[in-house]
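Engineer: Pasting in a structure now, in structure tokens, and then I'll have a few things to ask.
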Amino acid sequence: MSKPVVAIVGRPNVGKSTLFNVLAGEMISIVKDTPGVTRDRIYADVSWLDKEFTMIDTGGIEPESKDIILSQMREQAQIAIDTADVIIFITDVRQGLVDADSKVADMLRRSGKPVVLAVNKVDSFEKFMPDVYEFYNLGIGDPVPVSAASRLGLGDLLDEVIAYFPEGTGDVEEDERPRIAIVGKPNVGKSSIINKLLGENRVIVSNVAGTTRDAIDTEIVHNGKEYVFIDTAGLRRKNKIKEELERYSIIRTVTAVERADVVLMVIDAVEGITEQDAKIAGIAHDRGKGIIIVVNKWDAIEKNDKTTREYEGKIRQVLSYLPYAEIMYVSAKTGQRLPKLYDMIDMVIENQTLRISTGVLNEIMTEAVAMQQPPSDKGKRLKLYYITQVSVKPPTFIIFVNDKALMHFSYTRYLENKIREAFGFRGTSLRFIIRERKEKDQ
């Protein structure tokens with residue numbers, strides 16, 4: 001089910017972020033004509049023809065000297081090699097082929113990963129094509145001339161990229177085992193939780209390398225049922241720059257979450273919930289995954305009868321966009337409540353794959369509309385005609401209305417709450433797609 005991951009690699013100022021923004025369809029990376037200013041979101045969902053993929057802008061090169069640029073480009077290329085299914089290596093026709101390009105090309109070529117070579121800033125094919133041919137010297141295939149700023153050649157580039165996707169990408173995998181990603185900041189106890197779960201189960205477990213990435217998948221059998229845990233711990237590189245470390249862990253998180261059914265978001269009970277936790281949890285929320293917030297090191301907290309309620313209040317406040325997420329308080333050190341994780345994971349997966357019949361959904365909607373009238377604007381009132389569930393993981397519903405503009409998000413939230421009252425859907429987000437249907441179509 002996981003989407004392929006495509007990473008963009010290249011020297012400073014060759015147009016990585018411009019290409020990323022154009023393909024992502026919105027301005028989500030900061031683009032300035034100063035090398036090394038990519039600071040913003042680094043991943044986006046992209047679809048081309050009938051293929052969907054996650055694109056990562058590896059960015060983050062601070063040019064202080066040629067040596068540092070090269071070492072950081074290698075680091076960046078390594079991130080791409082570790083995490084991506086396909087790599088877009090972007091070069092600049094105006095600067096021509098430089099030594100750093102050749103060295104990174106060697107690294108990419110040796111990795112065995114598919115690489116698409118993009119030569120950017122080709123605003124005129126007639127004028128620049130002779131210069132494009134120079135890039136054949138890199139020895140990583142045919143250069144694709146593009147201009148990210150003028151949006152030229154991007155279709156050809158994406159055709160090349162999706163040609164490398166495995167057959168059946170996005171189809172349901174045969175492997176039906178629940179896949180659980182353990183995410184969170186460094187040192188919150190992600191590895192300790194996996195080690196403790198392994199120790200508790202006393203089974204022979206093999207560490208199987210992740211199929212498309214270098215993340216380690218750990219298989220654990222509990223009560224005769226197999227679970228695959230995707231651990232993002234221990235995969236960080238020792239970067240000199242804190243920001244790079246954070247960027248690297250976010251890239252790792254995106255690729256792990258992409259492959260998971262359920263995400264265990266681990267928080268350090270002593271440190272409390274932080275802004276970075278909210279950022280990491282947001283990745284799972286954006287992708288519609290099942291979410292369990294696991295508060296680790298709970299044994300280290302002094303408690304009274306109000307502790308749990310107060311702690312949950314803080315979590316709900318910071319993660320206000322995740323009211324549906326389940327919360328568990330555990331200790332990897334003592335093993336407290338860890339076995340109950342499996343029951344929670346099973347419940348969340350059940351809710352992620354729950355299907356509600358159209359008849360029942362429409363009864364709930366009719367009742368909700370009777371209890372709270374839909375909004376109106378300038379004398380025109382919203383009419384809701386019909387609701388139906390179209391997919392699972394996450395459960396996704398289409399609502400047909402007379403005018404999309406009148407469907408305020410607060411009314412969508414009201415309907416969501418009514419559906420949750422009836423069916424729970426604990427631990428999973430719900431998606432709503434609003435479609436317009438003219439009255440004469442009824």
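Just remember, in the structure tokens the first chain shown is A, the second B, etc., residues are 1-based per chain, and ligands are 1-based in the order shown.
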Quick one: residues within 8 Å of A:Ile291, only C-alpha atoms counted, chain neighbours fewer than 6 positions away excluded, as an MDAnalysis selection string?
Structural biologist: chainID A and resid 262:265 284:285 325:326 348 427:428
Engineer: Quick one: everything within 10 Å of stretch 117-131 of chain A, counting only C-alpha atoms, minus sequence neighbours fewer than 5 positions away in the same chain. Send it as a PyMOL selection string.
Structural biologist: chain A and resi 8-10+14-16+19+87-97+105+136+138-154+157+160-161
Engineer: At what distance in Å, to one decimal, does atom CA of A:Tyr43 lie from atom CA of A:Thr58?
Structural biologist: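 Calculated distance between atom CA of A:Thr58 and atom CA of A:Tyr43 is 8.8 Å.
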Engineer: So which residues of stretch 65-194 of chain A fall under strand (DSSP E) by DSSP, listed as a ChimeraX atom specification?
Structural biologist: /A:86-92,115-120,144-145,179-183
Engineer: With all heavy atoms retained, write the just-selected residues as a short mmCIF file (atom, residue, chain, number, x, y, z; two decimals), in the first residue's frame.
Structural biologist:
data_model
loop_
_atom_site.label_atom_id
_atom_site.label_comp_id
_atom_site.auth_asym_id
_atom_site.auth_seq_id
_atom_site.Cartn_x
_atom_site.Cartn_y
_atom_site.Cartn_z
N VAL A 86 13.31 6.19 -5.84
CA VAL A 86 13.86 6.79 -7.06
C VAL A 86 14.50 8.13 -6.65
O VAL A 86 13.97 8.84 -5.81
CB VAL A 86 12.77 7.05 -8.13
CG1 VAL A 86 13.38 7.63 -9.40
CG2 VAL A 86 12.01 5.77 -8.47
N ILE A 87 15.65 8.46 -7.27
CA ILE A 87 16.34 9.71 -6.93
C ILE A 87 16.34 10.62 -8.16
O ILE A 87 16.69 10.17 -9.26
CB ILE A 87 17.79 9.41 -6.49
CG1 ILE A 87 17.79 8.56 -5.21
CG2 ILE A 87 18.57 10.70 -6.26
CD1 ILE A 87 19.07 7.83 -4.93
N ILE A 88 15.93 11.88 -7.98
CA ILE A 88 16.09 12.89 -9.04
C ILE A 88 17.37 13.65 -8.71
O ILE A 88 17.46 14.31 -7.66
CB ILE A 88 14.90 13.87 -9.10
CG1 ILE A 88 13.60 13.14 -9.46
CG2 ILE A 88 15.17 14.98 -10.12
CD1 ILE A 88 12.35 14.03 -9.46
N PHE A 89 18.36 13.55 -9.58
CA PHE A 89 19.63 14.26 -9.39
C PHE A 89 19.58 15.49 -10.28
O PHE A 89 19.54 15.38 -11.50
CB PHE A 89 20.79 13.33 -9.76
CG PHE A 89 22.14 13.96 -9.59
CD1 PHE A 89 22.38 14.96 -8.64
CD2 PHE A 89 23.22 13.54 -10.36
CE1 PHE A 89 23.63 15.52 -8.48
CE2 PHE A 89 24.48 14.10 -10.22
CZ PHE A 89 24.69 15.09 -9.28
N ILE A 90 19.54 16.67 -9.65
CA ILE A 90 19.32 17.89 -10.42
C ILE A 90 20.63 18.68 -10.57
O ILE A 90 21.38 18.87 -9.62
CB ILE A 90 18.17 18.74 -9.78
CG1 ILE A 90 17.84 19.95 -10.63
CG2 ILE A 90 18.44 19.11 -8.38
CD1 ILE A 90 16.50 20.58 -10.26
N THR A 91 20.91 19.07 -11.81
CA THR A 91 22.13 19.83 -12.13
C THR A 91 21.71 21.13 -12.82
O THR A 91 20.52 21.33 -13.09
CB THR A 91 23.05 19.01 -13.05
OG1 THR A 91 22.29 18.63 -14.21
CG2 THR A 91 23.56 17.76 -12.36
N ASP A 92 22.69 21.98 -13.12
CA ASP A 92 22.38 23.32 -13.64
C ASP A 92 23.12 23.52 -14.97
O ASP A 92 24.35 23.52 -15.01
CB ASP A 92 22.86 24.35 -12.60
CG ASP A 92 22.56 25.79 -13.01
OD1 ASP A 92 22.33 26.04 -14.21
OD2 ASP A 92 22.56 26.66 -12.12
N VAL A 115 18.19 6.36 -10.77
CA VAL A 115 18.46 7.81 -10.73
C VAL A 115 17.97 8.43 -12.03
O VAL A 115 18.25 7.92 -13.12
CB VAL A 115 19.98 8.08 -10.58
CG1 VAL A 115 20.24 9.59 -10.57
CG2 VAL A 115 20.53 7.45 -9.32
N VAL A 116 17.21 9.52 -11.92
CA VAL A 116 16.81 10.29 -13.10
C VAL A 116 17.60 11.60 -13.06
O VAL A 116 17.55 12.34 -12.07
CB VAL A 116 15.29 10.59 -13.10
CG1 VAL A 116 14.91 11.45 -14.29
CG2 VAL A 116 14.49 9.28 -13.10
N LEU A 117 18.37 11.85 -14.11
CA LEU A 117 19.23 13.04 -14.16
C LEU A 117 18.46 14.20 -14.80
O LEU A 117 18.06 14.12 -15.96
CB LEU A 117 20.49 12.71 -14.97
CG LEU A 117 21.45 13.88 -15.26
CD1 LEU A 117 21.97 14.51 -13.98
CD2 LEU A 117 22.61 13.40 -16.13
N ALA A 118 18.21 15.26 -14.02
CA ALA A 118 17.52 16.43 -14.55
C ALA A 118 18.52 17.57 -14.73
O ALA A 118 19.27 17.88 -13.81
CB ALA A 118 16.41 16.86 -13.58
N VAL A 119 18.54 18.16 -15.91
CA VAL A 119 19.40 19.34 -16.15
C VAL A 119 18.47 20.55 -16.14
O VAL A 119 17.65 20.72 -17.04
CB VAL A 119 20.17 19.21 -17.48
CG1 VAL A 119 21.08 20.41 -17.67
CG2 VAL A 119 20.99 17.93 -17.50
N ASN A 120 18.59 21.36 -15.11
CA ASN A 120 17.64 22.46 -14.89
C ASN A 120 18.11 23.76 -15.57
O ASN A 120 19.24 23.89 -16.01
CB ASN A 120 17.47 22.67 -13.38
CG ASN A 120 16.28 23.58 -13.06
OD1 ASN A 120 15.33 23.68 -13.85
ND2 ASN A 120 16.33 24.23 -11.92
N VAL A 144 17.63 14.71 -18.66
CA VAL A 144 16.31 15.23 -19.06
C VAL A 144 16.35 16.74 -18.90
O VAL A 144 16.50 17.26 -17.79
CB VAL A 144 15.19 14.64 -18.16
CG1 VAL A 144 13.83 15.16 -18.60
CG2 VAL A 144 15.23 13.12 -18.16
N PRO A 145 16.26 17.51 -20.02
CA PRO A 145 16.30 18.97 -19.90
C PRO A 145 14.99 19.51 -19.33
O PRO A 145 13.91 19.12 -19.79
CB PRO A 145 16.50 19.44 -21.35
CG PRO A 145 16.00 18.32 -22.20
CD PRO A 145 16.12 17.05 -21.42
N ARG A 179 1.48 -3.47 10.16
CA ARG A 179 2.78 -2.81 10.16
C ARG A 179 2.69 -1.58 11.06
O ARG A 179 1.81 -0.74 10.87
CB ARG A 179 3.17 -2.40 8.73
CG ARG A 179 3.17 -3.58 7.77
CD ARG A 179 3.57 -3.15 6.37
NE ARG A 179 5.01 -3.09 6.22
CZ ARG A 179 5.78 -4.16 6.00
NH1 ARG A 179 5.25 -5.34 5.91
NH2 ARG A 179 7.08 -4.04 5.88
N ILE A 180 3.60 -1.52 12.01
CA ILE A 180 3.53 -0.47 13.03
C ILE A 180 4.83 0.32 13.02
O ILE A 180 5.92 -0.23 13.23
CB ILE A 180 3.31 -1.09 14.45
CG1 ILE A 180 2.00 -1.87 14.47
CG2 ILE A 180 3.30 -0.01 15.52
CD1 ILE A 180 2.15 -3.34 14.35
N ALA A 181 4.74 1.62 12.77
CA ALA A 181 5.94 2.47 12.80
C ALA A 181 6.07 3.09 14.19
O ALA A 181 5.09 3.59 14.75
CB ALA A 181 5.83 3.58 11.76
N ILE A 182 7.27 3.01 14.75
CA ILE A 182 7.53 3.65 16.05
C ILE A 182 8.30 4.93 15.77
O ILE A 182 9.42 4.89 15.27
CB ILE A 182 8.34 2.72 16.96
CG1 ILE A 182 7.54 1.44 17.21
CG2 ILE A 182 8.69 3.40 18.25
CD1 ILE A 182 7.97 0.66 18.42
N VAL A 183 7.65 6.07 16.04
CA VAL A 183 8.28 7.35 15.72
C VAL A 183 8.35 8.24 16.96
O VAL A 183 7.70 7.97 17.96
CB VAL A 183 7.52 8.10 14.58
CG1 VAL A 183 7.38 7.23 13.35
CG2 VAL A 183 6.13 8.56 15.05
#
Engineer: Under the rule that only C-alpha atoms are counted, which of A:Leu319, A:Val6, A:Ile387, A:Ala332 is the nearest residue to A:Thr358?
Structural biologist: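 Of A:Leu319, A:Val6, A:Ile387, A:Ala332, the one nearest A:Thr358 is A:Ile387, counting only C-alpha atoms.
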Engineer: Write out as a PyMOL selection string which residues come within 7 Å of A:Thr353 when counting only C-alpha atoms, dropping same-chain ones fewer than 6 positions away.
Structural biologist: chain A and resi 392-393+395
Engineer: If you measure from atom CA of A:Ile56 to atom CA of A:Asp156, what distance in Å do you get, rounded to one decimal?
Structural biologist: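 It comes out at 19.1 Å.
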Engineer: Near A:Gln317, within 12 Å and counting only C-alpha atoms, which residues show up once chain neighbours fewer than 5 positions away are dropped, as a PyMOL selection string?
Structural biologist: chain A and resi 273-275+278+310-312+322-323
Engineer: For A:Leu406, which residue out of A:Met365, A:Ser429, A:Tyr385, A:Ser376 is the nearest one, using only C-alpha atoms?
Structural biologist: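 So, comparing all the options, the nearest one is A:Ser376.
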